[in-house]
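Inspection log for the structure reproduced underneath, given as structure tokens.
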2 protein chains.
Amino acid sequence: MAVTRLDVARAAGVSPAVVSYVLNNGPRPVSAGTRARIEEAISRLGYRPNAIASALRGGSTQSIGFLTPNLRNPFYAELAEAIERHFSACGYLVLTGNTYYDRTQEERYLQTFIDRKVDGLIFSSGISLTGSPVVGLEEQPVLVLDDVGYQAKNISSIQTDDLADAATAVEHLQRHGHTLIGCIAGPPNIPIEAGKINGWRRQQDFAANPSGDELIAYAESSEDGGNSAALLLLSEHGRPWTVHGRRPTALFVASDVQAIGAIYACYELGMKVPDDVAIISFGGTKTAAFTLPPLSTMRQDIEFIASTAMSYLLDRIKDPLHESSHMTLRGNLVIGRSCGC
Amino acid sequence: MAVTRLDVARAAGVSPAVVSYVLNNGPRPVSAGTRARIEEAISRLGYRPNAIASALRGGSTQSIGFLTPNLRNPFYAELAEAIERHFSACGYLVLTGNTYYDRTQEERYLQTFIDRKVDGLIFSSGISLTGSPVVGLEEQPVLVLDDVGYQAKNISSIQTDDLADAATAVEHLQRHGHTLIGCIAGPPNIPIEAGKINGWRRQQDFAANPSGDELIAYAESSEDGGNSAALLLLSEHGRPWTVHGRRPTALFVASDVQAIGAIYACYELGMKVPDDVAIISFGGTKTAAFTLPPLSTMRQDIEFIASTAMSYLLDRIKDPLHESSHMTLRGNLVIGRSCGC
DNA sequence: TTGAAAGCGCTAACAA
DNA sequence: TTGTTAGCGCTTTCAA
């Protein structure tokens with residue numbers, strides 16, 4: 001195979017151990033002359049340490065596992081990019097797994113990551129840790145980026161306050177005079193989606209506005225999903241019309257990518273945004289700034305989430321006894337032109 | 001640490017070797033009774049094979065490295081998702097690296113992947129392999145998803161015919177009567193971008209239309225990039241106006257994500273798409289179908305690219321002597337409403 | 001059909 | 001300051 005540490009040792013006329021000392025800057029000092037000879041041999045032979053062997057021997061794999069629902073959702077693409085950028089700057093490789101909100105996929109990737117001895121794990125959505133058959137999860141430093149309804153010693157978390165943020169967004173629509181406000185959410189049974197729906201409902205109840213199930217449309221977190229959900233809520237034969245005798249005049253949409261589909265649906269129905277239908281979405285991705293009209297959206301600070309995620313997780317990786325950290329973040333409403341401001 | 005194969009062997013009253021035979025279904029047969037005892041011990045102890053040790057011993061890492069410019073570009077997000085889905089179905093883990101078209105990043109990730117003993121590599125853009133200081137690249141099965149201007153025995157390729165596809169797109173604009181057609185491209189010096197620019201120029205020259213540098217705007221492959229590039233080409237003080245005394249009436253845009261920014265720029269300038277400015281982009285991502293107006297775009301078949309990529313690369317991984325494969329694909333023009341049809 | 005043992009490439013404790 | 005050596009957990013050859 002390739003050139004090994006032994007080859008370098010022979011070429012430099014030293015023992016393999018000294019080569020290690022040079023490579024790792026320790027744990028023993030090496031004289032300047034020997035070090036130079038070894039470094040010369042390394043570059044002459046084109047030696048590269050075998051990361052697999054090093055990991056097996058007891059060092060770490062310098063990698064972390066990142067579970068995300070779907071990279072085609074720009075929110076998770078931005079998150080994945082930010083996470084990767086931060087960890088990569090510290091020498092960690094990020095292993096990414098798309099779970100599609102599917103429990104089997106989640107467990108499969110989780111087990112793969114653990115079998116491959118990642119140094120830590122980040123869950124960005126959808127996972128339910130309780131009762132999971134995954135082996136070895138309890139010993140892993142874990143960081144959770146949303147509420148999984150589960151606490152454990154080895155879990156740090158950075159939560160977005162979806163309920164409060166959704167309520168704020170809906171309240172903004174109410175201030176514009178809307179009472180019949182539809183809600184487009186991701187697939188049901190996803191904890192993070194439930195939070196948004198509850199926020200919508202609580203705020204509608206608070207204002208004594210309708211908050212029945214006929215105003216909620218569940219759909220995939222994609223343009224297509226948002227599009228069909230909006231058609232469902234806004235069309236003349238839809239449930240909102242049946243129940244209330246008119247269309248919703250505003251929509252709260254749980255993700256930017258769905259809102260893009262919803263805007264398109266309005267266009268298909270010949271309705272103007274925000275004149276006929278006001279829209280506020282959730283996420284605050286770059287894409288939200290370039291729709292027509294630009295989206296008003298509840299922005300989550302992805303850069304901050306990513307950098308905090310890194311420091312929380314590295315704390316626990318470097319010192320397994322370090323206690324877990326928790327933070328809850330509020331989003332900020334970015335006013336575009338889709339809400340009617 | 002965790003439970004090892006030795007623990008299983010002891011619990012089942014057999015030697016460690018037999019445990020391996022059971023786990024790997026070979027290379028030696030195991031009697032039904034022994035097998036049952038071992039399987040019982042495995043599940044009772046919650047044993048998981050250590051993937052690192054297995055990889056070191058000579059098995060493979062069951063992983064491939066995937067280099068991509070930026071996952072925030074929806075084209076590469078879709079590609080990454082498709083690649084991951086296909087390889088994951090075959091038991092491979094895809095390690096993804098964002099290079100941002102930066103050569104240093106490319107080489108860093110490449111070296112990391114090789115040091116970690118990936119079974120193969122996929123480059124999706126921007127890399128220039130020639131003269132690279134990366135150690136061990138020659139021995140890797142490599143698949144290249146665009147033209148790197150480099151051939152080697154270990155490299156398979158799936159190329160999109162960017163030049164011809166760009167020309168087709170520009171020709172379509174010409175058929176609508178446009179003569180002054182601007183070109184928005186990604187960063188210069190990226191091979192794949194050069195192909196598109198050459199296609200635009202060749203087709204403009206063929207029709208005896210202007211094809212000077214004043215009609216080209218280079219920008220980041222992002223909404224922002226496309227937006228500022230379009231402002232540059234369409235504004236009254238821009239170079240096209242200075243040289244030709246009028247604005248371009250059409251734009252060929254090298255990526256969907258830039259086209260989204262370009263549409264927005266038209267909106268900012270008070271110009272209608274396609275009436276004042278016709279736009280055709282390149283890529284064919286899902287996002288292109290939900291802009292207002294929907295984009296006419298030169299679609300690349302990402303699913304087909306991903307599945308072909310997998311079969312090409314697995315051929316070479318399973319049999320290093322398998323000869324490399326090459327394919328060149330044409331895109332198909334998806335007609336939206338941004339071109340004026 | 002099963003057991004014993006070599007060794008993948010590395011780190012680090014121990015010896016010199 | 002440097003050399004020797006015992007493993008990390010696994011696969012697989014060889015012997016029984």
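Ordering of the structure tokens sets the chain letters (A, B, ...), residue numbers begin anew at 1 in every chain, and ligands are numbered from 1 in the order given.
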
Quiz prompt | Spatial neighbours of Leu137 (chain B), 12 Å, only C-alpha atoms (C1' of nucleotides), chain gap at least 2 places, as a PyMOL selection string | solution = (chain A and resi 2+46+48) or (chain B and resi 107+109-115+117-122+129-135+139-143+152-155)

Practice problem: Compile the contact shell of Ala265 (chain A) as a ChimeraX atom specification: residues with an atom at most 10 Å away, counting only C-alpha atoms (C1' of nucleotides), same-chain residues fewer than 4 positions apart removed. | Solution: /A:223-224,226-232,234-235,259-261,269-271 /B:290

Exercise. For DT2 (chain D), please output as an MDAnalysis selection string all residues within 10 Å (counting only C-alpha atoms (C1' of nucleotides); exclusion window: fewer than 5 positions along the same chain).
Key: (chainID A and resid 14:15 17:18 28:31 34) or (chainID C and resid 16)

Quiz item: So which residues touch Arg202 (chain B) within 10 Å, counting only C-alpha atoms (C1' of nucleotides), skipping near sequence neighbours fewer than 6 positions away, as a PyMOL selection string?
Solution: chain B and resi 163-164+166-167+170+196+208-209+211

Could you produce a table of the residues of chain D lying within 7 Å of chain B, with the nearest pair of atoms per residue and their separation in Å rounded to one decimal, using only C-alpha atoms (C1' of nucleotides), ordered by chain and increasing residue number, as JSON lines?
```
{"residue": "D:DG9", "atom": "C1'", "partner": "B:Ala53", "partner_atom": "CA", "distance": 5.0}
{"residue": "D:DC10", "atom": "C1'", "partner": "B:Ser54", "partner_atom": "CA", "distance": 4.9}
{"residue": "D:DT11", "atom": "C1'", "partner": "B:Arg57", "partner_atom": "CA", "distance": 6.2}
```

Residues of chain C within 9 Å of chain A, using only C-alpha atoms (C1' of nucleotides), as a short mmCIF file (atom, residue, chain, number, x, y, z; two decimals) with N, CA and C atoms (P, O5', C5', C4', C3', O3' and C1' of nucleotides), in the first residue's frame?
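What landed in result-v8.cif:
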```
data_model
loop_
_atom_site.label_atom_id
_atom_site.label_comp_id
_atom_site.auth_asym_id
_atom_site.auth_seq_id
_atom_site.Cartn_x
_atom_site.Cartn_y
_atom_site.Cartn_z
P DC C 8 1.22 -5.48 8.58
"O5'" DC C 8 0.14 -4.40 8.14
"C5'" DC C 8 -0.92 -4.72 7.23
"C4'" DC C 8 -2.09 -3.83 7.57
"C3'" DC C 8 -1.68 -2.46 8.08
"O3'" DC C 8 -1.66 -1.55 6.98
"C1'" DC C 8 -3.45 -3.43 9.43
P DG C 9 -0.32 -0.80 6.58
"O5'" DG C 9 -0.27 0.39 7.63
"C5'" DG C 9 -1.27 1.38 7.58
"C4'" DG C 9 -1.25 2.16 8.88
"C3'" DG C 9 0.09 2.84 9.19
"O3'" DG C 9 -0.16 4.23 9.32
"C1'" DG C 9 -0.75 1.67 11.08
P DC C 10 0.89 5.26 9.87
"O5'" DC C 10 0.46 5.34 11.40
"C5'" DC C 10 -0.78 5.97 11.73
"C4'" DC C 10 -1.14 5.68 13.17
"C3'" DC C 10 -0.26 6.40 14.18
"O3'" DC C 10 -0.95 7.56 14.62
"C1'" DC C 10 -0.70 4.12 14.80
P DT C 11 -0.14 8.60 15.56
"O5'" DT C 11 -0.35 8.00 17.01
"C5'" DT C 11 -1.65 8.01 17.59
"C4'" DT C 11 -1.56 7.51 19.01
"C3'" DT C 11 -0.72 8.37 19.96
"O3'" DT C 11 -1.48 8.48 21.15
"C1'" DT C 11 0.08 6.13 19.99
P DA C 12 -1.09 9.50 22.29
"O5'" DA C 12 -0.35 8.57 23.32
"C5'" DA C 12 -1.04 7.42 23.79
"C4'" DA C 12 -0.11 6.63 24.69
"C3'" DA C 12 0.78 7.51 25.57
"O3'" DA C 12 0.98 6.80 26.79
"C1'" DA C 12 2.13 6.16 24.25
#
```

Exercise. Give me every alpha helix (DSSP H) residue in region 72-151 of chain B, going by DSSP on the backbone, as a VMD selection string.
Key: chain B and resid 74 to 89 103 to 115

Please write the residues from the selection above to a file, keeping C-alpha atoms, as a PDB file, in the first residue's frame.
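Resulting contents of selection06.pdb:
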```pdb
ATOM      1  CA  PRO B  74     -29.872  24.772  -4.952  1.00  0.00           C
ATOM      2  CA  PHE B  75     -28.350  23.047  -7.948  1.00  0.00           C
ATOM      3  CA  TYR B  76     -25.589  21.584  -5.813  1.00  0.00           C
ATOM      4  CA  ALA B  77     -27.974  20.947  -2.952  1.00  0.00           C
ATOM      5  CA  GLU B  78     -30.120  18.838  -5.260  1.00  0.00           C
ATOM      6  CA  LEU B  79     -27.074  17.108  -6.638  1.00  0.00           C
ATOM      7  CA  ALA B  80     -25.691  16.390  -3.174  1.00  0.00           C
ATOM      8  CA  GLU B  81     -29.035  15.084  -2.026  1.00  0.00           C
ATOM      9  CA  ALA B  82     -29.365  12.780  -5.011  1.00  0.00           C
ATOM     10  CA  ILE B  83     -25.808  11.504  -4.702  1.00  0.00           C
ATOM     11  CA  GLU B  84     -26.248  10.858  -1.017  1.00  0.00           C
ATOM     12  CA  ARG B  85     -29.542   9.064  -1.547  1.00  0.00           C
ATOM     13  CA  HIS B  86     -28.089   6.763  -4.170  1.00  0.00           C
ATOM     14  CA  PHE B  87     -24.883   5.887  -2.351  1.00  0.00           C
ATOM     15  CA  SER B  88     -26.604   5.590   0.965  1.00  0.00           C
ATOM     16  CA  ALA B  89     -28.909   2.971  -0.512  1.00  0.00           C
ATOM     17  CA  ARG B 103      -8.449  25.928  -4.467  1.00  0.00           C
ATOM     18  CA  THR B 104      -7.006  25.761  -0.979  1.00  0.00           C
ATOM     19  CA  GLN B 105     -10.277  24.422   0.373  1.00  0.00           C
ATOM     20  CA  GLU B 106     -10.475  21.927  -2.445  1.00  0.00           C
ATOM     21  CA  GLU B 107      -7.055  20.556  -1.727  1.00  0.00           C
ATOM     22  CA  ARG B 108      -7.629  20.512   1.991  1.00  0.00           C
ATOM     23  CA  TYR B 109     -10.826  18.483   1.704  1.00  0.00           C
ATOM     24  CA  LEU B 110      -9.339  16.236  -0.915  1.00  0.00           C
ATOM     25  CA  GLN B 111      -6.416  15.426   1.335  1.00  0.00           C
ATOM     26  CA  THR B 112      -8.721  14.886   4.306  1.00  0.00           C
ATOM     27  CA  PHE B 113     -10.836  12.467   2.306  1.00  0.00           C
ATOM     28  CA  ILE B 114      -7.812  10.538   1.124  1.00  0.00           C
ATOM     29  CA  ASP B 115      -6.248  10.454   4.574  1.00  0.00           C
TER      30      ASP B 115
END
```
